Amino acid sequence: MATKPTDSTIQQIERAIRKIGQKFPETEEPTLLTDIHLRVSQESGELLAFDDDDNEITRCVIEEWIDSKDLDFYPHITEILRQVLKRQNKVIDNFGLLKPFSLVLEDDDQESIAELYISDGDTIIISGELMEGLDEDLDDFFDKLMKED
């Protein structure tokens, strides 16, 4: 798979995000607490969106992803999805969902691959894992505290 997605792929992902927005329109007082689970099939090229109760929200087929033999398929599409979601932040941040909520990438077996986008009112996280490197930072902090005695 090419590292740069086609215009058609980008348009299909954007359309899927807008359809999620139509299912969860902006409201004064959002009451629905859910995350959005994006499942991508390397075999069929399907991009599906589900809520926490596994209710399907929308689906589309990304032709570029059908029968992909790319060994790094999920890392590649993770980056593509993050780029598109970042550009669609106004749509996503206006989903009628209680914050914080996130968009999570899953494989065919519903195994979580990556948190793609976390929206928490003023804070938006669109990159790697939220707590990446936290253990090392805490260990360093603790070591410094112990040396000060």
# chains A, B, ... in the order shown; residues from 1 in each chain; ligands from 1

$ residues_around --residues "segment 44-52 of chain A" --least-positions-apart "5" --cutoff "8 Å" --atoms "only C-alpha atoms" --output "VMD selection string"
chain A and resid 20 34 to 39 57 to 68

$ select_by_dssp --residues "segment 24-135 of chain A" --states "alpha helix (DSSP H)" --output "list in words"
Phe73, Tyr74, Pro75, His76, Ile77, Thr78, Glu79, Ile80, Leu81, Arg82, Gln83, Val84, Leu85, Lys86, Arg87, Asn89, Lys90, Val91, Ile92, Asp93, Leu134 and Asp135 of chain A

$ atom_distance --atom1 "atom CA of Leu81 of chain A" --atom2 "atom CA of Leu105 of chain A"
8.9 Å

$ residues_around --residues "Asp7 of chain A" --least-positions-apart "3" --cutoff "12 Å" --atoms "only C-alpha atoms" --output "number ranges by chain"
A: 4, 10-14, 62-64, 80, 84

$ write_last_selection --atoms "N, CA, C and O atoms" --output "PDB file, in the first residue's frame"
ATOM      1  N   LYS A   4       1.036   7.328   0.892  1.00  0.00           N
ATOM      2  CA  LYS A   4       0.168   8.489   0.708  1.00  0.00           C
ATOM      3  C   LYS A   4      -1.182   7.991   0.179  1.00  0.00           C
ATOM      4  O   LYS A   4      -1.255   7.361  -0.866  1.00  0.00           O
ATOM      5  N   ILE A  10      -9.302   9.409   1.100  1.00  0.00           N
ATOM      6  CA  ILE A  10      -9.514  10.530   2.034  1.00  0.00           C
ATOM      7  C   ILE A  10     -10.978  10.958   2.021  1.00  0.00           C
ATOM      8  O   ILE A  10     -11.585  11.154   3.074  1.00  0.00           O
ATOM      9  N   GLN A  11     -11.565  11.079   0.824  1.00  0.00           N
ATOM     10  CA  GLN A  11     -12.960  11.489   0.710  1.00  0.00           C
ATOM     11  C   GLN A  11     -13.895  10.481   1.367  1.00  0.00           C
ATOM     12  O   GLN A  11     -14.868  10.866   2.031  1.00  0.00           O
ATOM     13  N   GLN A  12     -13.601   9.189   1.220  1.00  0.00           N
ATOM     14  CA  GLN A  12     -14.470   8.172   1.824  1.00  0.00           C
ATOM     15  C   GLN A  12     -14.381   8.215   3.351  1.00  0.00           C
ATOM     16  O   GLN A  12     -15.394   8.064   4.033  1.00  0.00           O
ATOM     17  N   ILE A  13     -13.192   8.412   3.897  1.00  0.00           N
ATOM     18  CA  ILE A  13     -13.039   8.512   5.349  1.00  0.00           C
ATOM     19  C   ILE A  13     -13.764   9.757   5.855  1.00  0.00           C
ATOM     20  O   ILE A  13     -14.494   9.698   6.856  1.00  0.00           O
ATOM     21  N   GLU A  14     -13.594  10.889   5.158  1.00  0.00           N
ATOM     22  CA  GLU A  14     -14.284  12.130   5.565  1.00  0.00           C
ATOM     23  C   GLU A  14     -15.798  11.948   5.527  1.00  0.00           C
ATOM     24  O   GLU A  14     -16.510  12.412   6.417  1.00  0.00           O
ATOM     25  N   ILE A  62     -13.209   1.007   1.425  1.00  0.00           N
ATOM     26  CA  ILE A  62     -12.086   1.781   0.892  1.00  0.00           C
ATOM     27  C   ILE A  62     -11.369   0.867  -0.097  1.00  0.00           C
ATOM     28  O   ILE A  62     -10.674  -0.071   0.296  1.00  0.00           O
ATOM     29  N   GLU A  63     -11.572   1.130  -1.385  1.00  0.00           N
ATOM     30  CA  GLU A  63     -11.056   0.246  -2.421  1.00  0.00           C
ATOM     31  C   GLU A  63      -9.547   0.035  -2.304  1.00  0.00           C
ATOM     32  O   GLU A  63      -9.049  -1.070  -2.523  1.00  0.00           O
ATOM     33  N   GLU A  64      -8.837   1.073  -1.949  1.00  0.00           N
ATOM     34  CA  GLU A  64      -7.384   1.006  -1.828  1.00  0.00           C
ATOM     35  C   GLU A  64      -6.950  -0.033  -0.781  1.00  0.00           C
ATOM     36  O   GLU A  64      -5.847  -0.562  -0.850  1.00  0.00           O
ATOM     37  N   ILE A  80      -2.951   7.448   8.473  1.00  0.00           N
ATOM     38  CA  ILE A  80      -3.887   8.044   7.520  1.00  0.00           C
ATOM     39  C   ILE A  80      -5.135   8.531   8.262  1.00  0.00           C
ATOM     40  O   ILE A  80      -5.595   9.665   8.069  1.00  0.00           O
ATOM     41  N   VAL A  84      -6.637  12.445   8.689  1.00  0.00           N
ATOM     42  CA  VAL A  84      -7.980  12.842   8.260  1.00  0.00           C
ATOM     43  C   VAL A  84      -8.789  13.343   9.460  1.00  0.00           C
ATOM     44  O   VAL A  84      -9.485  14.358   9.368  1.00  0.00           O
TER      45      VAL A  84
END

$ decode --residues "segment 89-105 of chain A" --atoms "all heavy atoms" --output "short mmCIF file (atom, residue, chain, number, x, y, z; two decimals), in the first residue's frame"
data_model
loop_
_atom_site.label_atom_id
_atom_site.label_comp_id
_atom_site.auth_asym_id
_atom_site.auth_seq_id
_atom_site.Cartn_x
_atom_site.Cartn_y
_atom_site.Cartn_z
N ASN A 89 -11.54 17.85 12.68
CA ASN A 89 -11.74 18.10 14.11
C ASN A 89 -12.99 18.92 14.41
O ASN A 89 -13.65 18.69 15.42
CB ASN A 89 -10.49 18.72 14.74
CG ASN A 89 -10.26 20.15 14.31
OD1 ASN A 89 -10.42 20.48 13.14
ND2 ASN A 89 -9.88 20.98 15.24
N LYS A 90 -13.36 19.85 13.57
CA LYS A 90 -14.57 20.65 13.84
C LYS A 90 -15.81 19.77 13.80
O LYS A 90 -16.72 19.94 14.60
CB LYS A 90 -14.67 21.80 12.86
CG LYS A 90 -13.65 22.91 13.11
CD LYS A 90 -13.89 24.10 12.23
CE LYS A 90 -12.94 25.24 12.39
NZ LYS A 90 -11.76 25.10 13.17
N VAL A 91 -15.87 18.84 12.87
CA VAL A 91 -16.99 17.91 12.78
C VAL A 91 -17.01 17.01 14.02
O VAL A 91 -18.04 16.86 14.69
CB VAL A 91 -16.91 17.05 11.50
CG1 VAL A 91 -17.97 15.97 11.48
CG2 VAL A 91 -16.99 17.92 10.25
N ILE A 92 -15.85 16.44 14.34
CA ILE A 92 -15.77 15.48 15.46
C ILE A 92 -16.08 16.16 16.79
O ILE A 92 -16.82 15.62 17.61
CB ILE A 92 -14.39 14.81 15.49
CG1 ILE A 92 -14.18 14.00 14.21
CG2 ILE A 92 -14.23 13.95 16.74
CD1 ILE A 92 -12.76 13.54 13.99
N ASP A 93 -15.51 17.33 17.02
CA ASP A 93 -15.72 18.01 18.30
C ASP A 93 -17.16 18.46 18.49
O ASP A 93 -17.56 18.79 19.61
CB ASP A 93 -14.77 19.20 18.45
CG ASP A 93 -13.33 18.74 18.61
OD1 ASP A 93 -13.11 17.59 19.05
OD2 ASP A 93 -12.42 19.52 18.31
N ASN A 94 -17.94 18.46 17.41
CA ASN A 94 -19.36 18.82 17.52
C ASN A 94 -20.27 17.60 17.54
O ASN A 94 -21.49 17.75 17.45
CB ASN A 94 -19.74 19.77 16.39
CG ASN A 94 -19.16 21.15 16.60
OD1 ASN A 94 -19.13 21.65 17.72
ND2 ASN A 94 -18.66 21.75 15.55
N PHE A 95 -19.69 16.38 17.65
CA PHE A 95 -20.53 15.21 17.83
C PHE A 95 -21.35 15.44 19.10
O PHE A 95 -20.84 15.96 20.09
CB PHE A 95 -19.70 13.95 18.03
CG PHE A 95 -19.05 13.38 16.79
CD1 PHE A 95 -18.21 12.28 16.91
CD2 PHE A 95 -19.25 13.91 15.53
CE1 PHE A 95 -17.60 11.73 15.80
CE2 PHE A 95 -18.63 13.37 14.41
CZ PHE A 95 -17.81 12.27 14.55
N GLY A 96 -22.61 15.05 19.08
CA GLY A 96 -23.46 15.20 20.25
C GLY A 96 -23.21 14.11 21.28
O GLY A 96 -24.12 13.39 21.67
N LEU A 97 -21.96 13.98 21.70
CA LEU A 97 -21.56 12.97 22.68
C LEU A 97 -20.99 13.66 23.90
O LEU A 97 -20.36 14.72 23.78
CB LEU A 97 -20.49 12.04 22.09
CG LEU A 97 -20.85 11.26 20.84
CD1 LEU A 97 -19.63 10.51 20.31
CD2 LEU A 97 -21.99 10.29 21.13
N LEU A 98 -21.18 13.03 25.07
CA LEU A 98 -20.58 13.56 26.29
C LEU A 98 -19.06 13.44 26.18
O LEU A 98 -18.55 12.43 25.72
CB LEU A 98 -21.06 12.77 27.51
CG LEU A 98 -22.44 13.10 28.02
CD1 LEU A 98 -22.85 12.12 29.11
CD2 LEU A 98 -22.48 14.51 28.57
N LYS A 99 -18.38 14.48 26.60
CA LYS A 99 -16.92 14.45 26.58
C LYS A 99 -16.41 14.07 27.94
O LYS A 99 -17.04 14.40 28.94
CB LYS A 99 -16.39 15.83 26.16
CG LYS A 99 -16.74 16.12 24.72
CD LYS A 99 -16.24 17.45 24.26
CE LYS A 99 -16.62 17.61 22.79
NZ LYS A 99 -16.52 18.90 22.26
N PRO A 100 -15.33 13.34 28.04
CA PRO A 100 -14.44 12.97 26.95
C PRO A 100 -14.97 11.75 26.18
O PRO A 100 -15.62 10.88 26.75
CB PRO A 100 -13.14 12.61 27.66
CG PRO A 100 -13.58 12.12 29.00
CD PRO A 100 -14.82 12.90 29.34
N PHE A 101 -14.66 11.72 24.90
CA PHE A 101 -14.90 10.54 24.08
C PHE A 101 -13.72 10.37 23.16
O PHE A 101 -12.92 11.28 22.98
CB PHE A 101 -16.22 10.64 23.30
CG PHE A 101 -16.24 11.69 22.23
CD1 PHE A 101 -15.73 11.43 20.96
CD2 PHE A 101 -16.78 12.94 22.47
CE1 PHE A 101 -15.75 12.40 19.97
CE2 PHE A 101 -16.81 13.92 21.49
CZ PHE A 101 -16.29 13.64 20.23
N SER A 102 -13.59 9.17 22.63
CA SER A 102 -12.47 8.93 21.74
C SER A 102 -12.91 8.12 20.53
O SER A 102 -13.95 7.48 20.54
CB SER A 102 -11.33 8.21 22.48
OG SER A 102 -11.76 6.97 22.97
N LEU A 103 -12.09 8.18 19.51
CA LEU A 103 -12.23 7.34 18.34
C LEU A 103 -11.09 6.34 18.41
O LEU A 103 -9.92 6.74 18.51
CB LEU A 103 -12.16 8.15 17.04
CG LEU A 103 -13.45 8.87 16.68
CD1 LEU A 103 -13.58 10.18 17.43
CD2 LEU A 103 -13.52 9.11 15.20
N VAL A 104 -11.45 5.07 18.39
CA VAL A 104 -10.49 4.00 18.60
C VAL A 104 -10.45 3.11 17.36
O VAL A 104 -11.51 2.75 16.83
CB VAL A 104 -10.89 3.14 19.83
CG1 VAL A 104 -9.91 2.02 20.07
CG2 VAL A 104 -11.04 4.01 21.07
N LEU A 105 -9.25 2.74 16.92
CA LEU A 105 -9.11 1.83 15.79
C LEU A 105 -9.05 0.41 16.31
O LEU A 105 -8.32 0.12 17.26
CB LEU A 105 -7.82 2.15 15.00
CG LEU A 105 -7.50 1.22 13.83
CD1 LEU A 105 -8.60 1.27 12.77
CD2 LEU A 105 -6.16 1.57 13.23
#
